[in-house]
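Q: Below is the file final-v2.csv, with CSV, C-alpha atoms and all ligand atoms.
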chain,number,residue,atom,x,y,z
A,179,MET,CA,-2.1,21.9,-14.0
A,180,GLY,CA,-3.4,22.3,-10.5
A,181,VAL,CA,-1.5,21.9,-7.2
A,182,ALA,CA,1.3,19.3,-7.6
A,183,VAL,CA,0.3,16.0,-6.0
A,184,GLY,CA,2.8,13.5,-4.6
A,185,VAL,CA,1.7,9.9,-4.0
A,186,VAL,CA,3.1,7.4,-1.5
A,187,VAL,CA,2.0,3.8,-2.2
A,188,VAL,CA,2.8,1.7,0.8
A,189,ALA,CA,3.5,-1.9,-0.2
A,190,ALA,CA,6.0,-3.0,2.4
A,191,GLY,CA,3.8,-5.3,4.4
A,192,LEU,CA,4.3,-9.0,4.4
A,193,GLY,CA,0.6,-10.0,4.0
A,194,THR,CA,0.6,-12.4,7.0
A,195,ARG,CA,-3.2,-12.5,7.2
A,196,LEU,CA,-3.5,-13.3,3.5
A,197,GLY,CA,-0.9,-16.1,3.8
A,198,ALA,CA,0.1,-16.1,0.1
A,199,GLY,CA,3.7,-16.9,0.8
A,200,MET,CA,4.8,-13.6,-0.7
A,201,PRO,CA,4.3,-9.9,0.1
A,202,LYS,CA,0.6,-9.1,-0.5
A,203,ALA,CA,1.4,-6.4,-3.1
A,204,LEU,CA,3.0,-9.0,-5.3
A,205,VAL,CA,0.0,-11.3,-5.5
A,206,THR,CA,-1.4,-11.5,-9.0
A,207,VAL,CA,-5.1,-10.5,-9.8
A,208,CYS,CA,-6.3,-10.4,-13.4
A,209,GLY,CA,-2.8,-10.9,-14.7
A,210,GLU,CA,-1.1,-8.2,-12.7
A,211,PRO,CA,0.4,-7.8,-9.2
A,212,LEU,CA,-1.7,-5.8,-6.8
A,213,VAL,CA,1.0,-3.1,-6.6
A,214,ARG,CA,0.9,-2.6,-10.4
A,215,HIS,CA,-2.9,-2.2,-10.3
A,216,ALA,CA,-2.6,0.4,-7.5
A,217,VAL,CA,0.2,2.4,-9.3
A,218,ARG,CA,-1.6,2.4,-12.6
A,219,ARG,CA,-4.7,3.9,-11.1
A,220,ALA,CA,-2.8,6.4,-9.0
A,221,LEU,CA,-0.9,7.6,-12.1
A,222,ALA,CA,-4.2,8.1,-13.9
A,223,ALA,CA,-5.2,10.7,-11.3
A,224,ARG,CA,-4.9,14.5,-11.9
A,225,ASP,CA,-1.7,16.5,-11.3
A,226,VAL,CA,0.4,13.6,-10.1
A,227,ALA,CA,4.0,15.0,-10.1
A,228,ASP,CA,5.8,12.3,-8.1
A,229,LEU,CA,5.0,8.8,-7.0
A,230,VAL,CA,7.0,6.5,-4.7
A,231,VAL,CA,6.3,2.8,-3.9
A,232,VAL,CA,7.5,1.7,-0.5
A,233,PHE,CA,8.6,-2.0,-0.6
A,234,PRO,CA,9.7,-4.6,1.9
A,235,PRO,CA,13.5,-4.9,2.3
A,236,MET,CA,14.8,-8.0,0.5
A,237,HIS,CA,12.2,-7.7,-2.3
A,238,ARG,CA,13.6,-4.9,-4.5
A,239,GLU,CA,14.0,-7.1,-7.6
A,240,ASP,CA,10.5,-8.5,-7.2
A,241,PHE,CA,9.1,-5.0,-7.1
A,242,GLU,CA,11.2,-3.8,-10.0
A,243,ALA,CA,9.8,-6.7,-12.0
A,244,ALA,CA,6.2,-6.0,-10.9
A,245,LEU,CA,6.5,-2.4,-12.0
A,246,ALA,CA,8.5,-2.9,-15.1
A,247,GLY,CA,7.7,-0.5,-18.0
A,248,ILE,CA,5.8,2.0,-15.8
A,249,ASP,CA,7.7,5.4,-16.0
A,250,GLY,CA,8.2,7.8,-13.2
A,251,VAL,CA,7.9,5.4,-10.3
A,252,ARG,CA,10.6,5.4,-7.6
A,253,LEU,CA,11.2,2.6,-5.1
A,254,VAL,CA,12.0,3.1,-1.4
A,255,GLU,CA,12.6,0.6,1.4
A,256,GLY,CA,9.9,0.4,4.0
A,257,GLY,CA,10.0,0.0,7.8
A,258,ALA,CA,8.6,-2.3,10.5
A,259,GLU,CA,5.2,-0.7,10.7
A,260,ARG,CA,2.9,1.0,8.2
A,261,THR,CA,3.6,4.4,9.7
A,262,ASP,CA,7.4,3.8,9.3
A,263,SER,CA,6.8,3.0,5.6
A,264,VAL,CA,4.7,6.1,5.0
A,265,ALA,CA,7.4,8.2,6.7
A,266,ALA,CA,10.1,6.6,4.5
A,267,GLY,CA,8.2,7.4,1.3
A,268,LEU,CA,7.3,10.9,2.4
A,269,ARG,CA,11.0,11.8,3.1
A,270,THR,CA,11.8,11.2,-0.6
A,271,LEU,CA,8.9,13.0,-2.2
A,272,SER,CA,9.8,15.8,-4.6
A,273,PRO,CA,9.6,19.2,-2.8
A,274,ASP,CA,7.2,20.3,-5.6
A,275,ALA,CA,4.4,18.1,-4.2
A,276,GLN,CA,2.3,20.3,-1.9
A,277,VAL,CA,-0.6,17.8,-1.6
A,278,VAL,CA,0.3,14.2,-0.6
A,279,LEU,CA,-1.8,11.2,-1.1
A,280,VAL,CA,-1.0,8.1,0.9
A,281,HIS,CA,-2.3,4.8,-0.5
A,282,ASP,CA,-2.3,1.2,0.5
A,283,ALA,CA,-1.2,-1.1,-2.4
A,284,ALA,CA,-3.6,-3.5,-0.7
A,285,ARG,CA,-6.4,-1.3,-1.9
A,286,ALA,CA,-5.3,-1.8,-5.5
A,287,PHE,CA,-8.6,-1.1,-7.2
A,288,ALA,CA,-9.3,2.3,-5.8
A,289,PRO,CA,-10.2,4.3,-8.9
A,290,ALA,CA,-8.3,7.3,-10.2
A,291,ALA,CA,-11.5,9.4,-9.5
A,292,LEU,CA,-11.2,8.7,-5.8
A,293,PHE,CA,-7.7,10.1,-5.8
A,294,ASP,CA,-9.0,13.2,-7.5
A,295,THR,CA,-11.9,13.6,-5.0
A,296,VAL,CA,-9.6,13.3,-2.0
A,297,ALA,CA,-7.0,15.7,-3.5
A,298,ALA,CA,-9.7,18.2,-4.3
A,299,ALA,CA,-11.0,18.2,-0.7
A,300,VAL,CA,-7.4,19.0,0.5
A,301,THR,CA,-6.9,21.8,-2.0
A,302,ALA,CA,-10.3,23.2,-0.9
A,303,GLY,CA,-8.9,23.8,2.5
A,304,ALA,CA,-8.8,20.7,4.7
A,305,ASP,CA,-5.6,19.6,6.4
A,306,ALA,CA,-6.5,16.1,5.5
A,307,ALA,CA,-9.3,14.2,3.6
A,308,VAL,CA,-10.2,10.5,3.9
A,309,PRO,CA,-12.6,8.3,1.9
A,310,GLY,CA,-15.2,6.8,4.2
A,311,ILE,CA,-18.1,4.4,4.0
A,312,PRO,CA,-21.1,4.2,6.4
A,313,LEU,CA,-21.2,1.1,8.6
A,314,VAL,CA,-23.7,-1.7,8.0
A,315,ASP,CA,-22.9,-3.5,11.2
A,316,THR,CA,-23.6,-2.3,14.8
A,317,VAL,CA,-20.3,-1.7,16.5
A,318,LYS,CA,-19.6,-2.6,20.2
A,319,GLN,CA,-16.8,-1.2,22.3
A,320,VAL,CA,-15.4,-3.9,24.6
A,321,ASP,CA,-13.0,-4.0,27.5
A,322,ALA,CA,-10.0,-6.2,27.8
A,323,SER,CA,-12.1,-9.2,29.0
A,324,GLY,CA,-14.5,-8.8,26.1
A,325,VAL,CA,-17.4,-7.2,28.0
A,326,VAL,CA,-19.3,-4.6,26.1
A,327,VAL,CA,-18.8,-1.1,27.5
A,328,ALA,CA,-20.6,1.0,24.8
A,329,THR,CA,-22.5,0.9,21.6
A,330,PRO,CA,-21.5,4.0,19.6
A,331,ASN,CA,-24.1,5.6,17.4
A,332,ARG,CA,-23.5,3.9,14.0
A,333,ALA,CA,-24.8,6.9,12.1
A,334,SER,CA,-21.8,8.9,13.2
A,335,LEU,CA,-19.2,6.3,12.3
A,336,ARG,CA,-17.3,5.7,9.0
A,337,ALA,CA,-15.0,2.9,7.9
A,338,VAL,CA,-12.2,4.8,6.2
A,339,GLN,CA,-10.1,3.8,3.2
A,340,THR,CA,-7.2,5.1,1.2
A,341,PRO,CA,-6.0,7.1,-0.6
A,342,GLN,CA,-5.8,9.6,2.3
A,343,GLY,CA,-4.9,13.1,1.3
A,344,PHE,CA,-2.9,15.8,3.2
A,345,THR,CA,-1.3,19.1,2.9
A,346,ARG,CA,2.3,18.4,2.8
A,347,GLU,CA,2.8,20.6,5.9
A,348,ALA,CA,0.2,18.7,7.9
A,349,LEU,CA,1.5,15.3,7.0
A,350,GLU,CA,5.1,16.2,7.7
A,351,ARG,CA,4.2,17.7,11.1
A,352,ALA,CA,2.1,14.6,11.9
A,353,HIS,CA,5.1,12.3,11.2
A,354,ALA,CA,7.7,14.5,12.9
A,355,GLY,CA,6.9,13.3,16.4
A,356,GLY,CA,7.7,9.6,15.5
A,357,ARG,CA,4.2,8.6,16.7
A,358,HIS,CA,2.4,5.5,15.2
A,359,ALA,CA,-1.2,5.0,14.3
A,360,THR,CA,-3.3,2.7,12.1
A,361,ASP,CA,-3.8,5.5,9.6
A,362,ASP,CA,-2.1,8.8,8.9
A,363,ALA,CA,-5.2,10.9,9.4
A,364,ALA,CA,-5.2,9.9,13.1
A,365,LEU,CA,-1.8,11.5,13.5
A,366,VAL,CA,-3.1,14.7,11.9
A,367,GLU,CA,-6.2,14.6,14.2
A,368,ALA,CA,-3.9,14.3,17.2
A,369,ASP,CA,-2.2,17.5,16.1
A,370,GLY,CA,-5.6,19.3,16.0
A,371,GLY,CA,-5.8,19.2,12.2
A,372,ARG,CA,-9.1,19.4,10.4
A,373,VAL,CA,-9.8,16.0,8.7
A,374,VAL,CA,-12.8,15.7,6.4
A,375,VAL,CA,-14.5,12.6,5.1
A,376,VAL,CA,-15.4,12.3,1.4
A,377,ASP,CA,-17.5,9.4,-0.1
A,378,GLY,CA,-15.5,6.2,-0.2
A,379,ASN,CA,-15.8,3.6,-2.9
A,380,PRO,CA,-16.4,-0.2,-2.5
A,381,ALA,CA,-13.7,-0.9,-5.1
A,382,ALA,CA,-11.2,0.5,-2.6
A,383,LEU,CA,-11.7,-2.6,-0.5
A,384,LYS,CA,-8.5,-3.6,1.3
A,385,VAL,CA,-7.2,-7.1,0.5
A,386,THR,CA,-6.5,-8.5,4.0
A,387,THR,CA,-7.7,-12.1,4.0
A,388,PRO,CA,-8.2,-14.8,1.4
A,389,ALA,CA,-12.0,-13.9,1.3
A,390,ASP,CA,-11.1,-10.3,0.3
A,391,LEU,CA,-8.9,-11.6,-2.5
A,392,ASP,CA,-11.9,-13.7,-3.8
A,393,ILE,CA,-14.1,-10.5,-3.8
A,394,ILE,CA,-11.4,-8.5,-5.6
A,395,GLN,CA,-10.8,-11.3,-8.2
A,396,ARG,CA,-14.6,-11.4,-9.0
A,397,LEU,CA,-14.8,-7.6,-9.2
A,398,CYS,CA,-11.8,-7.4,-11.5
A,399,SER,CA,-13.1,-10.3,-13.8
A,400,ARG,CA,-16.5,-8.6,-14.0
A,401,SER,CA,-15.0,-5.3,-15.0
A,402,GLY,CA,-13.3,-7.1,-18.0
A,403,GLU,CA,-9.7,-6.2,-17.1
A,501,LIG,N1,5.5,-2.3,7.6
A,501,LIG,C1,4.5,-2.1,6.8
A,501,LIG,C2,3.2,-2.7,7.0
A,501,LIG,C3,2.2,-2.4,6.0
A,501,LIG,N2,2.5,-1.7,4.9
A,501,LIG,C4,1.5,-1.5,3.9
A,501,LIG,O1,0.3,-0.9,4.4
A,501,LIG,C5,-0.9,-1.4,3.8
A,501,LIG,C6,-1.9,-1.9,4.7
A,501,LIG,O2,-1.4,-2.8,5.6
A,501,LIG,P1,-1.9,-4.3,5.8
A,501,LIG,O3,-3.1,-4.5,5.0
A,501,LIG,O4,-1.9,-4.6,7.3
A,501,LIG,O5,-0.8,-5.2,5.1
A,501,LIG,P2,0.2,-6.2,5.6
A,501,LIG,O6,1.0,-5.6,6.8
A,501,LIG,O7,1.0,-6.7,4.5
A,501,LIG,O8,-0.7,-7.3,6.2
A,501,LIG,P3,-0.6,-8.3,7.5
A,501,LIG,O9,-0.8,-7.3,8.7
A,501,LIG,O10,-1.6,-9.3,7.3
A,501,LIG,O11,0.8,-8.8,7.5
A,501,LIG,C7,-0.4,-2.5,2.8
A,501,LIG,O12,-0.4,-2.0,1.5
A,501,LIG,C8,1.0,-2.8,3.3
A,501,LIG,O13,1.8,-3.3,2.3
A,501,LIG,C9,3.7,-1.2,4.7
A,501,LIG,O14,4.0,-0.5,3.7
A,501,LIG,N3,4.7,-1.4,5.7
A,502,LIG,C1,-4.9,2.8,6.5
A,502,LIG,C2,-6.1,1.9,6.5
A,502,LIG,O1,-6.2,1.2,5.3
A,502,LIG,C3,-7.3,2.7,6.7
A,502,LIG,O2,-8.4,1.9,6.9
A,502,LIG,C4,-5.9,0.9,7.6
A,502,LIG,O3,-5.9,1.5,8.9
A,502,LIG,C5,-4.7,0.0,7.5
A,502,LIG,O4,-4.7,-1.0,8.5
A,502,LIG,P1,-3.8,-2.3,8.5
A,502,LIG,O5,-4.1,-3.1,9.7
A,502,LIG,O6,-2.4,-1.8,8.4
A,502,LIG,O7,-4.2,-3.0,7.2
What do you get writing this file as structure tokens?
A:
Amino acid sequence: MGVAVGVVVVAAGLGTRLGAGMPKALVTVCGEPLVRHAVRRALAARDVADLVVVFPPMHREDFEAALAGIDGVRLVEGGAERTDSVAAGLRTLSPDAQVVLVHDAARAFAPAALFDTVAAAVTAGADAAVPGIPLVDTVKQVDASGVVVATPNRASLRAVQTPQGFTREALERAHAGGRHATDDAALVEADGGRVVVVDGNPAALKVTTPADLDIIQRLCSRSGE
């Protein structure tokens, strides 16, 4: 057994952009809710000592049903923003977990090997590690009126995914200030922490819109699950 890993799967969003009429994590793909796919893959990763799923208040029973029969998963109520949900899960993680992986249930098909790669980068000495994919589009920075102010060099940019990994100390410090960001690594960066990027995986695509759901459905059917 290596360093004990704790996993926080955030699933407390409402899925407004998907518009499925239910929290996104409960949407079924290949016969299972997204959150169940995400949890199964996370539990297949190495050295996982504790795993918590953060769910939207009012949906406890739905999430209990979605995760029925999977041992060792705890449920915690989420907050108004993703950052609040991560903080809620982190507060309940076993003190044994010295590396923490934060994962979006919406990236339900991220393979167990990606969790292992991210955790390994943290145990190798980084404060945080994130999976990243080179961009295929040119990116423009715009001002409030939509006028382009810069074209950053694409070669230096990465689109980052989850699971994102942290030393427990770095993640707790990052959340202690009550700041919010679109990902947890940004909070660690703001603290001056060293965040490294490892190779991302196309299967860790985030289901955000109906078009993403179509892609994930196809990917899942092709893999024979
Ligand atoms: N208050 C929130 C908001 C988001 N999330 C989780 O964070 C991940 C990424 O968020 P996003 O894709 O934005 O999900 P939703 O908030 O559900 O989507 P939308 O913004 O379209 O409502 C998802 O697994 C989502 O469940 C969460 O746990 N708590
Ligand atoms: C954490 C994340 O998935 C990294 O790309 C992303 O920032 C979540 O953004 P969302 O708007 O909450 O889906």
Q: Rank nothing, just name the residue among A:His358, A:Arg260, A:Arg400, A:Lys318 nearest to ligand LIG 502 (chain A), using only C-alpha atoms and all ligand atoms.
A: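 Of A:His358, A:Arg260, A:Arg400, A:Lys318, the one nearest ligand LIG 502 (chain A), counting only C-alpha atoms and all ligand atoms, is A:Arg260.
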Q: Could you report the residues within 8 Å of ligand LIG 501 (chain A), using all atoms listed in the file, as a count of residues only?
A: 35
Q: Could you make a table, as CSV, of the residues of stretch 261-295 of chain A that have an atom within 8 Å of an atom of stretch 361-382 of chain A, each with its nearest atom pair and distance in Å to one decimal, counting only C-alpha atoms, in chain and number order?
A:
residue,atom,partner,partner_atom,distance
A:Thr261,CA,A:Asp362,CA,7.2
A:Arg285,CA,A:Ala382,CA,5.2
A:Ala286,CA,A:Ala382,CA,7.0
A:Phe287,CA,A:Ala381,CA,5.5
A:Ala288,CA,A:Ala382,CA,4.1
A:Pro289,CA,A:Ala381,CA,7.3
A:Leu292,CA,A:Asn379,CA,7.5
A:Thr295,CA,A:Val376,CA,7.4
Q: Return the single residue from A:Val296, A:Ile394, A:Ala337, A:Ala348 that is closest to A:Val205, with distances computed using all atoms listed in the file.
A: A:Ile394
Q: Name all residues at most 8 Å from A:Leu204 (count only C-alpha atoms; drop same-chain ones fewer than 2 positions away) and give them as a list of chain:residue names.
A: A:Met200, A:Pro201, A:Lys202, A:Thr206, A:Pro211, A:Leu212, A:Val213, A:Asp240, A:Phe241, A:Ala244
Q: Please list as a PyMOL selection string every residue within 9 Å of A:Leu335, counting all atoms listed in the file and excluding residues in the same chain fewer than 4 positions away.
A: chain A and resi 311-313+330-331
Q: Using C-alpha atoms, can you export the residues from the last selection as a JSON list (two decimals), in the coordinates of the input?
A:
[["chain", "number", "residue", "atom", "x", "y", "z"],
["A", 311, "ILE", "CA", -18.10, 4.40, 4.00],
["A", 312, "PRO", "CA", -21.10, 4.20, 6.40],
["A", 313, "LEU", "CA", -21.20, 1.10, 8.60],
["A", 330, "PRO", "CA", -21.50, 4.00, 19.60],
["A", 331, "ASN", "CA", -24.10, 5.60, 17.40]]
Q: Using only C-alpha atoms and all ligand atoms, pick whichever of A:Gly324, A:Gly310, A:Gly303, A:Gly250 has the shortest atom-to-atom distance to ligand LIG 502 (chain A).
A: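 Among the listed residues, A:Gly310 lies closest to ligand LIG 502 (chain A).
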Q: Do you know which residues are at most 6 Å from A:Val280 counting all atoms listed in the file, after dropping those on the same chain fewer than 4 positions away, and could you put them as a count of residues only?
A: 4
Q: Enumerate, as a list in words, the protein, DNA and RNA residues whose atoms approach (0.5, 4.6, -9.7) to within 10 Å, taking into account only C-alpha atoms and the coordinate frame of the file.
A: Val185, Val186, Val187, Val213, Arg214, His215, Ala216, Val217, Arg218, Arg219, Ala220, Leu221, Ala222, Ala223, Val226, Asp228, Leu229, Val230, Val231, Leu245, Ile248, Asp249, Gly250, Val251, His281, Ala283, Ala286 and Ala290 of chain A
Q: Quote the spacing between atom CA of A:Thr316 and atom CA of A:Ala333 in Å to one decimal place.
A: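 That distance, rounded to one decimal, is 9.7 Å.
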Q: Atoms are missing here; could stretch 283-319 of chain A be completed with N, CA and C atoms and written as a PDB file, in the coordinates of the input?
A:
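Full text of result-v5.pdb as output:
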ATOM      1  N   ALA A 283      -1.155  -0.241  -1.180  1.00  0.00           N
ATOM      2  CA  ALA A 283      -1.200  -1.100  -2.400  1.00  0.00           C
ATOM      3  C   ALA A 283      -2.238  -2.192  -2.208  1.00  0.00           C
ATOM      4  N   ALA A 284      -2.561  -2.519  -0.970  1.00  0.00           N
ATOM      5  CA  ALA A 284      -3.600  -3.500  -0.700  1.00  0.00           C
ATOM      6  C   ALA A 284      -4.988  -3.071  -1.118  1.00  0.00           C
ATOM      7  N   ARG A 285      -5.152  -1.777  -1.394  1.00  0.00           N
ATOM      8  CA  ARG A 285      -6.400  -1.300  -1.900  1.00  0.00           C
ATOM      9  C   ARG A 285      -6.241  -0.951  -3.393  1.00  0.00           C
ATOM     10  N   ALA A 286      -5.815  -1.977  -4.115  1.00  0.00           N
ATOM     11  CA  ALA A 286      -5.300  -1.800  -5.500  1.00  0.00           C
ATOM     12  C   ALA A 286      -6.303  -1.332  -6.486  1.00  0.00           C
ATOM     13  N   PHE A 287      -7.599  -1.498  -6.180  1.00  0.00           N
ATOM     14  CA  PHE A 287      -8.600  -1.100  -7.200  1.00  0.00           C
ATOM     15  C   PHE A 287      -9.316   0.167  -6.884  1.00  0.00           C
ATOM     16  N   ALA A 288      -8.760   0.958  -5.992  1.00  0.00           N
ATOM     17  CA  ALA A 288      -9.300   2.300  -5.800  1.00  0.00           C
ATOM     18  C   ALA A 288      -9.171   3.073  -7.081  1.00  0.00           C
ATOM     19  N   PRO A 289     -10.281   3.610  -7.614  1.00  0.00           N
ATOM     20  CA  PRO A 289     -10.200   4.300  -8.900  1.00  0.00           C
ATOM     21  C   PRO A 289      -9.521   5.616  -8.898  1.00  0.00           C
ATOM     22  N   ALA A 290      -9.003   6.032 -10.055  1.00  0.00           N
ATOM     23  CA  ALA A 290      -8.300   7.300 -10.200  1.00  0.00           C
ATOM     24  C   ALA A 290      -9.235   8.466  -9.682  1.00  0.00           C
ATOM     25  N   ALA A 291     -10.537   8.336  -9.945  1.00  0.00           N
ATOM     26  CA  ALA A 291     -11.500   9.400  -9.500  1.00  0.00           C
ATOM     27  C   ALA A 291     -11.486   9.603  -8.034  1.00  0.00           C
ATOM     28  N   LEU A 292     -11.225   8.531  -7.289  1.00  0.00           N
ATOM     29  CA  LEU A 292     -11.200   8.700  -5.800  1.00  0.00           C
ATOM     30  C   LEU A 292      -9.983   9.490  -5.383  1.00  0.00           C
ATOM     31  N   PHE A 293      -8.860   9.280  -6.058  1.00  0.00           N
ATOM     32  CA  PHE A 293      -7.700  10.100  -5.800  1.00  0.00           C
ATOM     33  C   PHE A 293      -7.989  11.570  -6.025  1.00  0.00           C
ATOM     34  N   ASP A 294      -8.695  11.836  -7.144  1.00  0.00           N
ATOM     35  CA  ASP A 294      -9.000  13.200  -7.500  1.00  0.00           C
ATOM     36  C   ASP A 294      -9.952  13.852  -6.458  1.00  0.00           C
ATOM     37  N   THR A 295     -10.939  13.092  -6.005  1.00  0.00           N
ATOM     38  CA  THR A 295     -11.900  13.600  -5.000  1.00  0.00           C
ATOM     39  C   THR A 295     -11.180  13.971  -3.714  1.00  0.00           C
ATOM     40  N   VAL A 296     -10.288  13.072  -3.287  1.00  0.00           N
ATOM     41  CA  VAL A 296      -9.600  13.300  -2.000  1.00  0.00           C
ATOM     42  C   VAL A 296      -8.641  14.511  -2.155  1.00  0.00           C
ATOM     43  N   ALA A 297      -7.904  14.583  -3.258  1.00  0.00           N
ATOM     44  CA  ALA A 297      -7.000  15.700  -3.500  1.00  0.00           C
ATOM     45  C   ALA A 297      -7.764  17.032  -3.507  1.00  0.00           C
ATOM     46  N   ALA A 298      -8.939  17.000  -4.151  1.00  0.00           N
ATOM     47  CA  ALA A 298      -9.700  18.200  -4.300  1.00  0.00           C
ATOM     48  C   ALA A 298     -10.196  18.719  -2.898  1.00  0.00           C
ATOM     49  N   ALA A 299     -10.525  17.790  -1.999  1.00  0.00           N
ATOM     50  CA  ALA A 299     -11.000  18.200  -0.700  1.00  0.00           C
ATOM     51  C   ALA A 299      -9.818  18.855   0.104  1.00  0.00           C
ATOM     52  N   VAL A 300      -8.594  18.417  -0.168  1.00  0.00           N
ATOM     53  CA  VAL A 300      -7.400  19.000   0.500  1.00  0.00           C
ATOM     54  C   VAL A 300      -7.179  20.427  -0.115  1.00  0.00           C
ATOM     55  N   THR A 301      -7.197  20.523  -1.427  1.00  0.00           N
ATOM     56  CA  THR A 301      -6.900  21.800  -2.000  1.00  0.00           C
ATOM     57  C   THR A 301      -8.057  22.821  -1.697  1.00  0.00           C
ATOM     58  N   ALA A 302      -9.234  22.290  -1.347  1.00  0.00           N
ATOM     59  CA  ALA A 302     -10.300  23.200  -0.900  1.00  0.00           C
ATOM     60  C   ALA A 302     -10.163  23.708   0.479  1.00  0.00           C
ATOM     61  N   GLY A 303      -9.156  23.214   1.214  1.00  0.00           N
ATOM     62  CA  GLY A 303      -8.900  23.800   2.500  1.00  0.00           C
ATOM     63  C   GLY A 303      -8.754  22.927   3.712  1.00  0.00           C
ATOM     64  N   ALA A 304      -9.004  21.619   3.557  1.00  0.00           N
ATOM     65  CA  ALA A 304      -8.800  20.700   4.700  1.00  0.00           C
ATOM     66  C   ALA A 304      -7.347  20.429   4.934  1.00  0.00           C
ATOM     67  N   ASP A 305      -6.987  20.080   6.173  1.00  0.00           N
ATOM     68  CA  ASP A 305      -5.600  19.600   6.400  1.00  0.00           C
ATOM     69  C   ASP A 305      -5.458  18.184   5.888  1.00  0.00           C
ATOM     70  N   ALA A 306      -6.568  17.445   5.940  1.00  0.00           N
ATOM     71  CA  ALA A 306      -6.500  16.100   5.500  1.00  0.00           C
ATOM     72  C   ALA A 306      -7.937  15.656   5.019  1.00  0.00           C
ATOM     73  N   ALA A 307      -7.980  14.686   4.092  1.00  0.00           N
ATOM     74  CA  ALA A 307      -9.300  14.200   3.600  1.00  0.00           C
ATOM     75  C   ALA A 307      -9.136  12.649   3.486  1.00  0.00           C
ATOM     76  N   VAL A 308     -10.169  11.939   3.944  1.00  0.00           N
ATOM     77  CA  VAL A 308     -10.200  10.500   3.900  1.00  0.00           C
ATOM     78  C   VAL A 308     -11.460   9.981   3.266  1.00  0.00           C
ATOM     79  N   PRO A 309     -11.398   8.921   2.430  1.00  0.00           N
ATOM     80  CA  PRO A 309     -12.600   8.300   1.900  1.00  0.00           C
ATOM     81  C   PRO A 309     -13.277   7.486   3.019  1.00  0.00           C
ATOM     82  N   GLY A 310     -14.589   7.596   3.185  1.00  0.00           N
ATOM     83  CA  GLY A 310     -15.200   6.800   4.200  1.00  0.00           C
ATOM     84  C   GLY A 310     -16.551   6.228   3.771  1.00  0.00           C
ATOM     85  N   ILE A 311     -16.898   5.081   4.369  1.00  0.00           N
ATOM     86  CA  ILE A 311     -18.100   4.400   4.000  1.00  0.00           C
ATOM     87  C   ILE A 311     -18.953   4.152   5.277  1.00  0.00           C
ATOM     88  N   PRO A 312     -20.252   4.439   5.209  1.00  0.00           N
ATOM     89  CA  PRO A 312     -21.100   4.200   6.400  1.00  0.00           C
ATOM     90  C   PRO A 312     -21.059   2.719   6.791  1.00  0.00           C
ATOM     91  N   LEU A 313     -21.219   2.448   8.086  1.00  0.00           N
ATOM     92  CA  LEU A 313     -21.200   1.100   8.600  1.00  0.00           C
ATOM     93  C   LEU A 313     -22.494   0.358   8.360  1.00  0.00           C
ATOM     94  N   VAL A 314     -22.421  -0.934   8.085  1.00  0.00           N
ATOM     95  CA  VAL A 314     -23.700  -1.700   8.000  1.00  0.00           C
ATOM     96  C   VAL A 314     -23.871  -2.563   9.238  1.00  0.00           C
ATOM     97  N   ASP A 315     -22.801  -2.777  10.000  1.00  0.00           N
ATOM     98  CA  ASP A 315     -22.900  -3.500  11.200  1.00  0.00           C
ATOM     99  C   ASP A 315     -23.041  -2.581  12.427  1.00  0.00           C
ATOM    100  N   THR A 316     -23.684  -3.046  13.505  1.00  0.00           N
ATOM    101  CA  THR A 316     -23.600  -2.300  14.800  1.00  0.00           C
ATOM    102  C   THR A 316     -22.276  -2.601  15.399  1.00  0.00           C
ATOM    103  N   VAL A 317     -21.648  -1.573  15.975  1.00  0.00           N
ATOM    104  CA  VAL A 317     -20.300  -1.700  16.500  1.00  0.00           C
ATOM    105  C   VAL A 317     -20.359  -1.670  18.050  1.00  0.00           C
ATOM    106  N   LYS A 318     -19.660  -2.580  18.711  1.00  0.00           N
ATOM    107  CA  LYS A 318     -19.600  -2.600  20.200  1.00  0.00           C
ATOM    108  C   LYS A 318     -18.159  -2.231  20.606  1.00  0.00           C
ATOM    109  N   GLN A 319     -18.059  -1.388  21.621  1.00  0.00           N
ATOM    110  CA  GLN A 319     -16.800  -1.200  22.300  1.00  0.00           C
ATOM    111  C   GLN A 319     -16.666  -2.117  23.429  1.00  0.00           C
TER     112      GLN A 319
END
